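Source file run_23.cif; content: mmCIF, C-alpha atoms, pLDDT in the B column; chains and numbers go by the auth columns.
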data_entry
loop_
_atom_site.group_PDB
_atom_site.id
_atom_site.type_symbol
_atom_site.label_atom_id
_atom_site.label_comp_id
_atom_site.label_asym_id
_atom_site.label_seq_id
_atom_site.Cartn_x
_atom_site.Cartn_y
_atom_site.Cartn_z
_atom_site.B_iso_or_equiv
_atom_site.auth_seq_id
_atom_site.auth_asym_id
ATOM 1 C CA MET A 1 -6.519 2.461 -10.731 95.00 1 A
ATOM 2 C CA ILE A 2 -3.800 1.640 -8.243 98.00 2 A
ATOM 3 C CA VAL A 3 -4.090 0.945 -4.516 98.00 3 A
ATOM 4 C CA ILE A 4 -1.170 1.240 -2.112 98.00 4 A
ATOM 5 C CA THR A 5 -1.190 -0.803 1.087 98.00 5 A
ATOM 6 C CA ASN A 6 -1.349 0.919 4.421 96.00 6 A
ATOM 7 C CA PRO A 7 2.220 1.132 5.776 95.00 7 A
ATOM 8 C CA VAL A 8 1.204 -0.843 8.873 94.00 8 A
ATOM 9 C CA ALA A 9 -0.959 -3.945 9.151 94.00 9 A
ATOM 10 C CA VAL A 10 -4.722 -3.408 8.975 93.00 10 A
ATOM 11 C CA HIS A 11 -7.439 -5.603 10.467 93.00 11 A
ATOM 12 C CA ASN A 12 -8.645 -8.083 7.784 95.00 12 A
ATOM 13 C CA GLU A 13 -6.031 -6.731 5.367 96.00 13 A
ATOM 14 C CA ILE A 14 -5.612 -9.951 3.365 97.00 14 A
ATOM 15 C CA SER A 15 -9.362 -10.383 3.003 97.00 15 A
ATOM 16 C CA ILE A 16 -9.718 -6.758 1.881 97.00 16 A
ATOM 17 C CA ILE A 17 -6.861 -7.126 -0.609 98.00 17 A
ATOM 18 C CA ARG A 18 -8.412 -10.229 -2.140 97.00 18 A
ATOM 19 C CA SER A 19 -11.808 -8.510 -2.355 97.00 19 A
ATOM 20 C CA LEU A 20 -10.198 -5.524 -4.088 97.00 20 A
ATOM 21 C CA PHE A 21 -8.634 -7.811 -6.689 97.00 21 A
ATOM 22 C CA GLU A 22 -11.911 -9.681 -7.169 96.00 22 A
ATOM 23 C CA SER A 23 -13.586 -6.293 -7.749 97.00 23 A
ATOM 24 C CA GLY A 24 -11.176 -5.350 -10.520 97.00 24 A
ATOM 25 C CA LEU A 25 -8.132 -3.829 -8.823 97.00 25 A
ATOM 26 C CA GLU A 26 -5.372 -3.655 -11.433 96.00 26 A
ATOM 27 C CA LEU A 27 -2.262 -3.079 -9.301 97.00 27 A
ATOM 28 C CA LEU A 28 -1.485 -3.235 -5.597 98.00 28 A
ATOM 29 C CA HIS A 29 1.661 -1.540 -4.357 98.00 29 A
ATOM 30 C CA ILE A 30 3.043 -3.374 -1.343 98.00 30 A
ATOM 31 C CA ARG A 31 4.447 -0.525 0.743 97.00 31 A
ATOM 32 C CA LYS A 32 5.383 -1.749 4.192 97.00 32 A
ATOM 33 C CA PRO A 33 8.562 0.233 4.979 94.00 33 A
ATOM 34 C CA ASP A 34 9.052 -1.212 8.455 96.00 34 A
ATOM 35 C CA TYR A 35 8.376 -4.856 7.578 97.00 35 A
ATOM 36 C CA SER A 36 11.165 -7.330 8.108 97.00 36 A
ATOM 37 C CA GLU A 37 11.942 -9.842 5.402 97.00 37 A
ATOM 38 C CA ALA A 38 10.042 -12.515 7.350 98.00 38 A
ATOM 39 C CA GLU A 39 6.976 -10.256 7.673 97.00 39 A
ATOM 40 C CA MET A 40 7.090 -9.463 3.954 97.00 40 A
ATOM 41 C CA ILE A 41 7.332 -13.157 3.056 98.00 41 A
ATOM 42 C CA SER A 42 4.375 -13.863 5.325 97.00 42 A
ATOM 43 C CA LEU A 43 2.314 -11.069 3.717 97.00 43 A
ATOM 44 C CA LEU A 44 3.101 -12.128 0.145 98.00 44 A
ATOM 45 C CA THR A 45 2.352 -15.758 0.969 97.00 45 A
ATOM 46 C CA ALA A 46 -0.968 -14.804 2.569 97.00 46 A
ATOM 47 C CA ILE A 47 -2.028 -12.704 -0.443 97.00 47 A
ATOM 48 C CA GLY A 48 -1.437 -15.762 -2.619 93.00 48 A
ATOM 49 C CA SER A 49 0.313 -16.408 -5.906 94.00 49 A
ATOM 50 C CA ASP A 50 -2.834 -15.791 -7.983 95.00 50 A
ATOM 51 C CA PHE A 51 -2.174 -12.055 -7.694 96.00 51 A
ATOM 52 C CA ASN A 52 1.634 -11.915 -8.038 95.00 52 A
ATOM 53 C CA SER A 53 1.434 -10.383 -11.525 95.00 53 A
ATOM 54 C CA GLN A 54 -0.529 -7.475 -10.029 97.00 54 A
ATOM 55 C CA LEU A 55 1.781 -6.789 -7.085 98.00 55 A
ATOM 56 C CA VAL A 56 4.416 -4.055 -6.989 97.00 56 A
ATOM 57 C CA LEU A 57 7.165 -4.270 -4.374 96.00 57 A
ATOM 58 C CA HIS A 58 8.382 -1.090 -2.693 95.00 58 A
ATOM 59 C CA SER A 59 10.992 -2.919 -0.616 94.00 59 A
ATOM 60 C CA HIS A 60 12.578 -6.344 -0.308 94.00 60 A
ATOM 61 C CA HIS A 61 13.022 -6.326 -4.079 92.00 61 A
ATOM 62 C CA HIS A 62 15.213 -9.416 -3.822 91.00 62 A
ATOM 63 C CA LEU A 63 12.069 -11.438 -3.007 94.00 63 A
ATOM 64 C CA SER A 64 10.616 -10.734 -6.443 93.00 64 A
ATOM 65 C CA GLY A 65 12.178 -13.840 -8.006 91.00 65 A
ATOM 66 C CA SER A 66 10.944 -16.184 -5.274 94.00 66 A
ATOM 67 C CA PHE A 67 7.394 -14.920 -5.691 96.00 67 A
ATOM 68 C CA GLY A 68 7.317 -14.382 -9.449 94.00 68 A
ATOM 69 C CA ILE A 69 6.730 -10.650 -9.026 96.00 69 A
ATOM 70 C CA ASN A 70 7.985 -8.576 -11.953 94.00 70 A
ATOM 71 C CA ARG A 71 7.013 -5.074 -10.798 95.00 71 A
ATOM 72 C CA LEU A 72 9.288 -2.912 -8.643 94.00 72 A
ATOM 73 C CA HIS A 73 8.887 0.581 -7.258 94.00 73 A
ATOM 74 C CA ASN A 74 12.024 2.749 -6.985 87.00 74 A
ATOM 75 C CA PRO A 75 14.320 -0.286 -7.311 71.00 75 A
ATOM 76 C CA GLU A 76 17.810 -0.208 -5.872 63.00 76 A
ATOM 77 C CA ALA A 77 20.669 0.203 -8.319 57.00 77 A
ATOM 78 C CA GLU A 78 22.047 -3.295 -7.733 53.00 78 A
ATOM 79 C CA ILE A 79 18.947 -5.042 -9.119 61.00 79 A
ATOM 80 C CA GLU A 80 19.042 -5.818 -12.835 65.00 80 A
ATOM 81 C CA LYS A 81 16.022 -3.806 -13.954 66.00 81 A
ATOM 82 C CA ALA A 82 15.681 -5.118 -17.514 70.00 82 A
ATOM 83 C CA ASN A 83 13.184 -7.848 -16.601 81.00 83 A
ATOM 84 C CA PHE A 84 10.929 -5.668 -14.464 89.00 84 A
ATOM 85 C CA ALA A 85 8.132 -3.166 -14.943 92.00 85 A
ATOM 86 C CA LEU A 86 9.300 -0.108 -13.007 92.00 86 A
ATOM 87 C CA SER A 87 7.538 2.733 -11.228 94.00 87 A
ATOM 88 C CA ALA A 88 8.781 5.694 -9.209 93.00 88 A
ATOM 89 C CA SER A 89 7.671 8.420 -6.810 93.00 89 A
ATOM 90 C CA THR A 90 8.089 12.111 -7.578 94.00 90 A
ATOM 91 C CA HIS A 91 7.100 15.270 -5.725 93.00 91 A
ATOM 92 C CA SER A 92 7.358 17.902 -8.442 95.00 92 A
ATOM 93 C CA ILE A 93 6.583 18.044 -12.137 96.00 93 A
ATOM 94 C CA ALA A 94 10.253 18.864 -12.811 96.00 94 A
ATOM 95 C CA GLU A 95 11.291 15.639 -11.064 95.00 95 A
ATOM 96 C CA PHE A 96 8.667 13.711 -13.059 96.00 96 A
ATOM 97 C CA ASN A 97 9.781 15.300 -16.358 97.00 97 A
ATOM 98 C CA ALA A 98 13.392 14.282 -15.642 95.00 98 A
ATOM 99 C CA LEU A 99 12.621 10.552 -15.231 93.00 99 A
ATOM 100 C CA GLU A 100 14.361 8.100 -17.514 87.00 100 A
ATOM 101 C CA ASN A 101 12.167 6.364 -20.088 86.00 101 A
ATOM 102 C CA ASN A 102 12.406 2.983 -18.334 86.00 102 A
ATOM 103 C CA TYR A 103 9.606 3.884 -15.890 92.00 103 A
ATOM 104 C CA GLY A 104 6.121 2.832 -16.968 94.00 104 A
ATOM 105 C CA TYR A 105 4.486 5.246 -14.548 96.00 105 A
ATOM 106 C CA ALA A 106 5.312 7.510 -11.653 96.00 106 A
ATOM 107 C CA PHE A 107 3.386 8.941 -8.742 96.00 107 A
ATOM 108 C CA LEU A 108 3.254 12.694 -8.310 96.00 108 A
ATOM 109 C CA SER A 109 2.300 13.524 -4.738 93.00 109 A
ATOM 110 C CA PRO A 110 0.727 14.845 -2.678 95.00 110 A
ATOM 111 C CA VAL A 111 -1.805 16.302 -5.109 95.00 111 A
ATOM 112 C CA TYR A 112 -4.248 17.113 -2.279 94.00 112 A
ATOM 113 C CA PRO A 113 -3.716 17.134 1.486 84.00 113 A
ATOM 114 C CA SER A 114 -3.023 13.546 2.510 83.00 114 A
ATOM 115 C CA ILE A 115 -5.829 11.471 4.001 83.00 115 A
ATOM 116 C CA SER A 116 -3.480 8.985 5.668 80.00 116 A
ATOM 117 C CA LYS A 117 -0.862 11.505 6.877 79.00 117 A
ATOM 118 C CA PRO A 118 -2.632 14.456 8.520 77.00 118 A
ATOM 119 C CA GLY A 119 -0.818 17.722 7.829 77.00 119 A
ATOM 120 C CA TYR A 120 1.082 16.365 4.818 76.00 120 A
ATOM 121 C CA HIS A 121 0.540 18.524 1.736 79.00 121 A
ATOM 122 C CA SER A 122 2.477 20.047 -1.123 81.00 122 A
ATOM 123 C CA GLU A 123 3.773 23.612 -0.968 82.00 123 A
ATOM 124 C CA ILE A 124 2.956 23.978 -4.678 86.00 124 A
ATOM 125 C CA ASN A 125 -0.264 23.379 -6.596 91.00 125 A
ATOM 126 C CA LEU A 126 0.473 20.060 -8.319 93.00 126 A
ATOM 127 C CA LEU A 127 -2.801 20.214 -10.271 92.00 127 A
ATOM 128 C CA GLU A 128 -1.602 23.436 -11.897 94.00 128 A
ATOM 129 C CA SER A 129 1.956 22.201 -12.404 95.00 129 A
ATOM 130 C CA VAL A 130 0.731 19.338 -14.626 96.00 130 A
ATOM 131 C CA LYS A 131 0.469 21.956 -17.387 96.00 131 A
ATOM 132 C CA GLU A 132 4.297 21.972 -17.402 97.00 132 A
ATOM 133 C CA ARG A 133 4.475 18.251 -18.207 97.00 133 A
ATOM 134 C CA THR A 134 6.968 17.353 -20.932 97.00 134 A
ATOM 135 C CA ASN A 135 7.423 13.643 -20.166 97.00 135 A
ATOM 136 C CA PHE A 136 4.753 11.736 -22.055 96.00 136 A
ATOM 137 C CA ASN A 137 6.667 8.428 -22.129 95.00 137 A
ATOM 138 C CA THR A 138 5.801 7.782 -18.477 96.00 138 A
ATOM 139 C CA LYS A 139 2.223 7.650 -17.189 97.00 139 A
ATOM 140 C CA LEU A 140 1.522 10.328 -14.591 98.00 140 A
ATOM 141 C CA VAL A 141 -0.330 8.969 -11.543 98.00 141 A
ATOM 142 C CA ALA A 142 -1.900 11.269 -8.953 97.00 142 A
ATOM 143 C CA LEU A 143 -1.356 10.302 -5.314 96.00 143 A
ATOM 144 C CA GLY A 144 -2.206 12.049 -2.083 95.00 144 A
ATOM 145 C CA GLY A 145 -5.690 12.921 -0.909 95.00 145 A
ATOM 146 C CA ILE A 146 -7.351 11.160 -3.822 97.00 146 A
ATOM 147 C CA SER A 147 -10.995 10.320 -3.144 95.00 147 A
ATOM 148 C CA GLN A 148 -14.142 9.722 -5.141 95.00 148 A
ATOM 149 C CA GLN A 149 -14.989 13.424 -4.825 95.00 149 A
ATOM 150 C CA ASN A 150 -11.847 14.675 -6.627 97.00 150 A
ATOM 151 C CA ILE A 151 -10.977 11.943 -9.143 97.00 151 A
ATOM 152 C CA THR A 152 -12.717 13.578 -12.107 97.00 152 A
ATOM 153 C CA LYS A 153 -11.080 16.953 -11.388 97.00 153 A
ATOM 154 C CA THR A 154 -7.696 15.217 -11.111 97.00 154 A
ATOM 155 C CA LEU A 155 -8.004 13.344 -14.394 98.00 155 A
ATOM 156 C CA LYS A 156 -9.292 16.482 -16.158 97.00 156 A
ATOM 157 C CA ALA A 157 -6.166 18.326 -14.946 97.00 157 A
ATOM 158 C CA GLY A 158 -3.999 15.939 -16.999 97.00 158 A
ATOM 159 C CA PHE A 159 -3.156 12.977 -14.797 98.00 159 A
ATOM 160 C CA ASP A 160 -3.317 9.606 -16.550 98.00 160 A
ATOM 161 C CA GLU A 161 -4.359 7.603 -13.501 97.00 161 A
ATOM 162 C CA VAL A 162 -4.953 7.834 -9.761 98.00 162 A
ATOM 163 C CA ALA A 163 -3.588 5.900 -6.801 98.00 163 A
ATOM 164 C CA LEU A 164 -5.514 5.350 -3.589 97.00 164 A
ATOM 165 C CA LEU A 165 -4.243 4.846 -0.062 96.00 165 A
ATOM 166 C CA GLY A 166 -6.017 6.780 2.701 95.00 166 A
ATOM 167 C CA THR A 167 -9.442 6.747 1.046 95.00 167 A
ATOM 168 C CA ILE A 168 -9.265 2.939 1.151 96.00 168 A
ATOM 169 C CA TRP A 169 -7.475 2.101 4.408 96.00 169 A
ATOM 170 C CA ASN A 170 -8.907 4.916 6.567 94.00 170 A
ATOM 171 C CA SER A 171 -12.439 3.979 5.537 92.00 171 A
ATOM 172 C CA THR A 172 -14.918 1.957 7.551 93.00 172 A
ATOM 173 C CA ASN A 173 -15.787 0.180 4.279 95.00 173 A
ATOM 174 C CA PRO A 174 -12.648 -0.061 2.097 96.00 174 A
ATOM 175 C CA LEU A 175 -14.269 -2.207 -0.598 97.00 175 A
ATOM 176 C CA GLU A 176 -17.253 0.099 -1.019 96.00 176 A
ATOM 177 C CA ASN A 177 -14.945 3.119 -1.237 96.00 177 A
ATOM 178 C CA PHE A 178 -12.850 1.341 -3.860 97.00 178 A
ATOM 179 C CA LYS A 179 -15.950 0.549 -5.936 97.00 179 A
ATOM 180 C CA LEU A 180 -17.141 4.174 -5.778 97.00 180 A
ATOM 181 C CA CYS A 181 -13.719 5.399 -6.927 97.00 181 A
ATOM 182 C CA GLN A 182 -13.631 2.739 -9.634 97.00 182 A
ATOM 183 C CA GLN A 183 -17.050 3.866 -10.948 97.00 183 A
ATOM 184 C CA THR A 184 -15.831 7.449 -11.119 96.00 184 A
ATOM 185 C CA VAL A 185 -12.676 6.461 -13.021 96.00 185 A
ATOM 186 C CA HIS A 186 -14.635 4.313 -15.467 94.00 186 A
ATOM 187 C CA SER A 187 -17.154 7.091 -16.106 93.00 187 A
ATOM 188 C CA PHE A 188 -14.422 9.616 -16.963 90.00 188 A
#

Translate the structure described by the file into structure tokens.
Amino acid sequence: MIVITNPVAVHNEISIIRSLFESGLELLHIRKPDYSEAEMISLLTAIGSDFNSQLVLHSHHHLSGSFGINRLHNPEAEIEKANFALSASTHSIAEFNALENNYGYAFLSPVYPSISKPGYHSEINLLESVKERTNFNTKLVALGGISQQNITKTLKAGFDEVALLGTIWNSTNPLENFKLCQQTVHSF
């Protein structure tokens, strides 16, 4: 299971992130599109080097070397990608199917109406479109509106994994929500 950070700072964010890792979080995508380099350095430093192998950078990819992070999301062309585990974002099964084989996994979103972005939804039924999947070299990760209530349905539809954002960061108890989602994934 993957968690993506809230795009903006959240109260007790570092404490929540550490608790998520201590509870078994595999990967945390650091998605802070409006963060300056200094803010990103501060965030990565606060999270701590114990978790660098489980962090995925969405921006400021050039900081990966300084922090020993070897996972990049949608990396820019100028970065030598050979030494990194790569992931990408897609919004249709055709886009996912067309990915090069160097991506370990890719998000397909939004599968359900977004929890964190009210009104954001797909014009097509992404659960149905998974039947048209031809790319089996890249793991298919569901994103968008994922919650404990729909994880089983999502995995049964053919997704390999799920990614959580709104169900964690819009919750009054992010850690408890994570654990409930984790239980559902593990029972599938």

Atom-to-atom span, atom CA of A:Gly144 and atom CA of A:Ile47, Å |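 Computed distance, atom CA of A:Gly144 to atom CA of A:Ile47, equals 24.8 Å.
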
Give me, please, the distance in Å between atom CA of A:Lys156 and atom CA of A:Phe21, quoted to one decimal.
->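 If I compute the distance from atom CA of A:Lys156 to atom CA of A:Phe21, I get 26.1 Å.
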
Quick one: apply the PyMOL selection byres ((chain A and resi 34) around 8) to the file and drop the selected residues here as a list in words.
-> Pro7, Val8, Lys32, Pro33, Tyr35 and Ser36 of chain A

From the set A:Val56, A:Ile16, A:Ala106, A:Ala157, which residue has the shortest atom-to-atom contact distance to A:Arg31, counting all atoms listed in the file?
->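 For A:Arg31, the nearest of the given residues is A:Val56.
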
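Computed from the coordinates, the atom CA of A:Pro113 to atom CA of A:Leu28 distance equals 21.7 Å.
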
Between A:Ala94, A:Val10, A:Cys181, A:Ala38, which is the closest to A:Asn135 once you count only C-alpha atoms?
->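 When distances to A:Asn135 are compared using only C-alpha atoms, the smallest one comes from A:Ala94.
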
Name the residues captured by the PyMOL selection byres ((chain A and resi 159) around 12) when it is applied to the shown file; answer as number ranges by chain.
-> A: 1, 93, 96, 105-109, 111, 126-133, 135-136, 138-143, 146, 151-158, 160-163, 185, 188

Pick out the closest residue to A:Leu164 from this set: A:Ser42, A:Ser114, A:Ser49, A:Asn74. Count only C-alpha atoms.
->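 So, comparing all the options, the nearest one is A:Ser114.
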
Hey, which of A:Ile14, A:His121, A:Gly48, A:Leu86 ends up closest to A:Gly68? Count all atoms listed in the file.
->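 Residue with the minimum atom-to-atom distance to A:Gly68: A:Gly48.
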
For each of A:Leu175, A:Leu20, A:Ile41, A:Val3, take the minimum atom-to-atom distance to A:His62, counting all atoms listed in the file, then give the residue where this is smallest.
-> A:Ile41

Smallest atom-to-atom distance to A:Lys117: which of A:Asp50, A:Ile30, A:Leu44, A:Asn6, using only C-alpha atoms?
->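 Comparing A:Asp50, A:Ile30, A:Leu44, A:Asn6 against A:Lys117, the winner is A:Asn6.
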
Close residues, A:Ser147 itself excluded, 9 Å, only C-alpha atoms, min 6 positions apart in chain, as a PyMOL selection string | chain A and resi 115+164+166-168+177+181

Within 12 Å of (7.2, 24.3, 0.8), all atoms listed in the file: residues as a PyMOL selection string?
-> chain A and resi 91-92+110+120-125

Contacts of A:Gln182 within 9 Å, all atoms listed in the file, excl. fewer than 3 positions in-chain, as a ChimeraX atom specification = /A:1,24-25,148,177-179,185-187

Using the partial input, fill out stretch 42-62 of chain A with N, CA and C atoms; write the result as a PDB file, in the frame of the given file.
ATOM      1  N   SER A  42       5.659 -13.439   4.777  1.00 97.00           N
ATOM      2  CA  SER A  42       4.375 -13.863   5.325  1.00 97.00           C
ATOM      3  C   SER A  42       3.217 -13.145   4.624  1.00 97.00           C
ATOM      4  N   LEU A  43       3.360 -11.845   4.401  1.00 97.00           N
ATOM      5  CA  LEU A  43       2.314 -11.069   3.717  1.00 97.00           C
ATOM      6  C   LEU A  43       2.116 -11.551   2.288  1.00 97.00           C
ATOM      7  N   LEU A  44       3.203 -11.699   1.545  1.00 98.00           N
ATOM      8  CA  LEU A  44       3.101 -12.128   0.145  1.00 98.00           C
ATOM      9  C   LEU A  44       2.512 -13.532   0.035  1.00 98.00           C
ATOM     10  N   THR A  45       2.887 -14.394   0.948  1.00 97.00           N
ATOM     11  CA  THR A  45       2.352 -15.758   0.969  1.00 97.00           C
ATOM     12  C   THR A  45       0.850 -15.733   1.255  1.00 97.00           C
ATOM     13  N   ALA A  46       0.454 -14.888   2.199  1.00 97.00           N
ATOM     14  CA  ALA A  46      -0.968 -14.804   2.569  1.00 97.00           C
ATOM     15  C   ALA A  46      -1.809 -14.236   1.429  1.00 97.00           C
ATOM     16  N   ILE A  47      -1.282 -13.262   0.693  1.00 97.00           N
ATOM     17  CA  ILE A  47      -2.028 -12.704  -0.443  1.00 97.00           C
ATOM     18  C   ILE A  47      -2.272 -13.795  -1.479  1.00 97.00           C
ATOM     19  N   GLY A  48      -1.280 -14.637  -1.708  1.00 93.00           N
ATOM     20  CA  GLY A  48      -1.437 -15.762  -2.619  1.00 93.00           C
ATOM     21  C   GLY A  48      -0.863 -15.492  -3.994  1.00 93.00           C
ATOM     22  N   SER A  49      -0.385 -16.528  -4.623  1.00 94.00           N
ATOM     23  CA  SER A  49       0.313 -16.408  -5.906  1.00 94.00           C
ATOM     24  C   SER A  49      -0.607 -16.026  -7.068  1.00 94.00           C
ATOM     25  N   ASP A  50      -1.912 -16.164  -6.901  1.00 95.00           N
ATOM     26  CA  ASP A  50      -2.834 -15.791  -7.983  1.00 95.00           C
ATOM     27  C   ASP A  50      -2.704 -14.325  -8.373  1.00 95.00           C
ATOM     28  N   PHE A  51      -2.214 -13.496  -7.457  1.00 96.00           N
ATOM     29  CA  PHE A  51      -2.174 -12.055  -7.694  1.00 96.00           C
ATOM     30  C   PHE A  51      -0.760 -11.509  -7.891  1.00 96.00           C
ATOM     31  N   ASN A  52       0.241 -12.376  -7.946  1.00 95.00           N
ATOM     32  CA  ASN A  52       1.634 -11.915  -8.038  1.00 95.00           C
ATOM     33  C   ASN A  52       1.884 -10.995  -9.230  1.00 95.00           C
ATOM     34  N   SER A  53       1.213 -11.222 -10.339  1.00 95.00           N
ATOM     35  CA  SER A  53       1.434 -10.383 -11.525  1.00 95.00           C
ATOM     36  C   SER A  53       0.869  -8.971 -11.334  1.00 95.00           C
ATOM     37  N   GLN A  54       0.080  -8.780 -10.288  1.00 97.00           N
ATOM     38  CA  GLN A  54      -0.529  -7.475 -10.029  1.00 97.00           C
ATOM     39  C   GLN A  54       0.070  -6.784  -8.809  1.00 97.00           C
ATOM     40  N   LEU A  55       1.133  -7.367  -8.262  1.00 98.00           N
ATOM     41  CA  LEU A  55       1.781  -6.789  -7.085  1.00 98.00           C
ATOM     42  C   LEU A  55       3.007  -5.992  -7.494  1.00 98.00           C
ATOM     43  N   VAL A  56       3.248  -4.899  -6.773  1.00 97.00           N
ATOM     44  CA  VAL A  56       4.416  -4.055  -6.989  1.00 97.00           C
ATOM     45  C   VAL A  56       5.132  -3.945  -5.645  1.00 97.00           C
ATOM     46  N   LEU A  57       6.394  -4.320  -5.619  1.00 96.00           N
ATOM     47  CA  LEU A  57       7.165  -4.270  -4.374  1.00 96.00           C
ATOM     48  C   LEU A  57       7.860  -2.929  -4.205  1.00 96.00           C
ATOM     49  N   HIS A  58       7.681  -2.327  -3.029  1.00 95.00           N
ATOM     50  CA  HIS A  58       8.382  -1.090  -2.693  1.00 95.00           C
ATOM     51  C   HIS A  58       9.685  -1.375  -1.950  1.00 95.00           C
ATOM     52  N   SER A  59       9.793  -2.534  -1.352  1.00 94.00           N
ATOM     53  CA  SER A  59      10.992  -2.919  -0.616  1.00 94.00           C
ATOM     54  C   SER A  59      11.178  -4.426  -0.749  1.00 94.00           C
ATOM     55  N   HIS A  60      12.283  -4.904  -0.216  1.00 94.00           N
ATOM     56  CA  HIS A  60      12.578  -6.344  -0.308  1.00 94.00           C
ATOM     57  C   HIS A  60      12.501  -6.822  -1.754  1.00 94.00           C
ATOM     58  N   HIS A  61      13.055  -6.011  -2.647  1.00 92.00           N
ATOM     59  CA  HIS A  61      13.022  -6.326  -4.079  1.00 92.00           C
ATOM     60  C   HIS A  61      13.633  -7.689  -4.396  1.00 92.00           C
ATOM     61  N   HIS A  62      14.564  -8.121  -3.581  1.00 91.00           N
ATOM     62  CA  HIS A  62      15.213  -9.416  -3.822  1.00 91.00           C
ATOM     63  C   HIS A  62      14.236 -10.591  -3.709  1.00 91.00           C
TER      64      HIS A  62
END
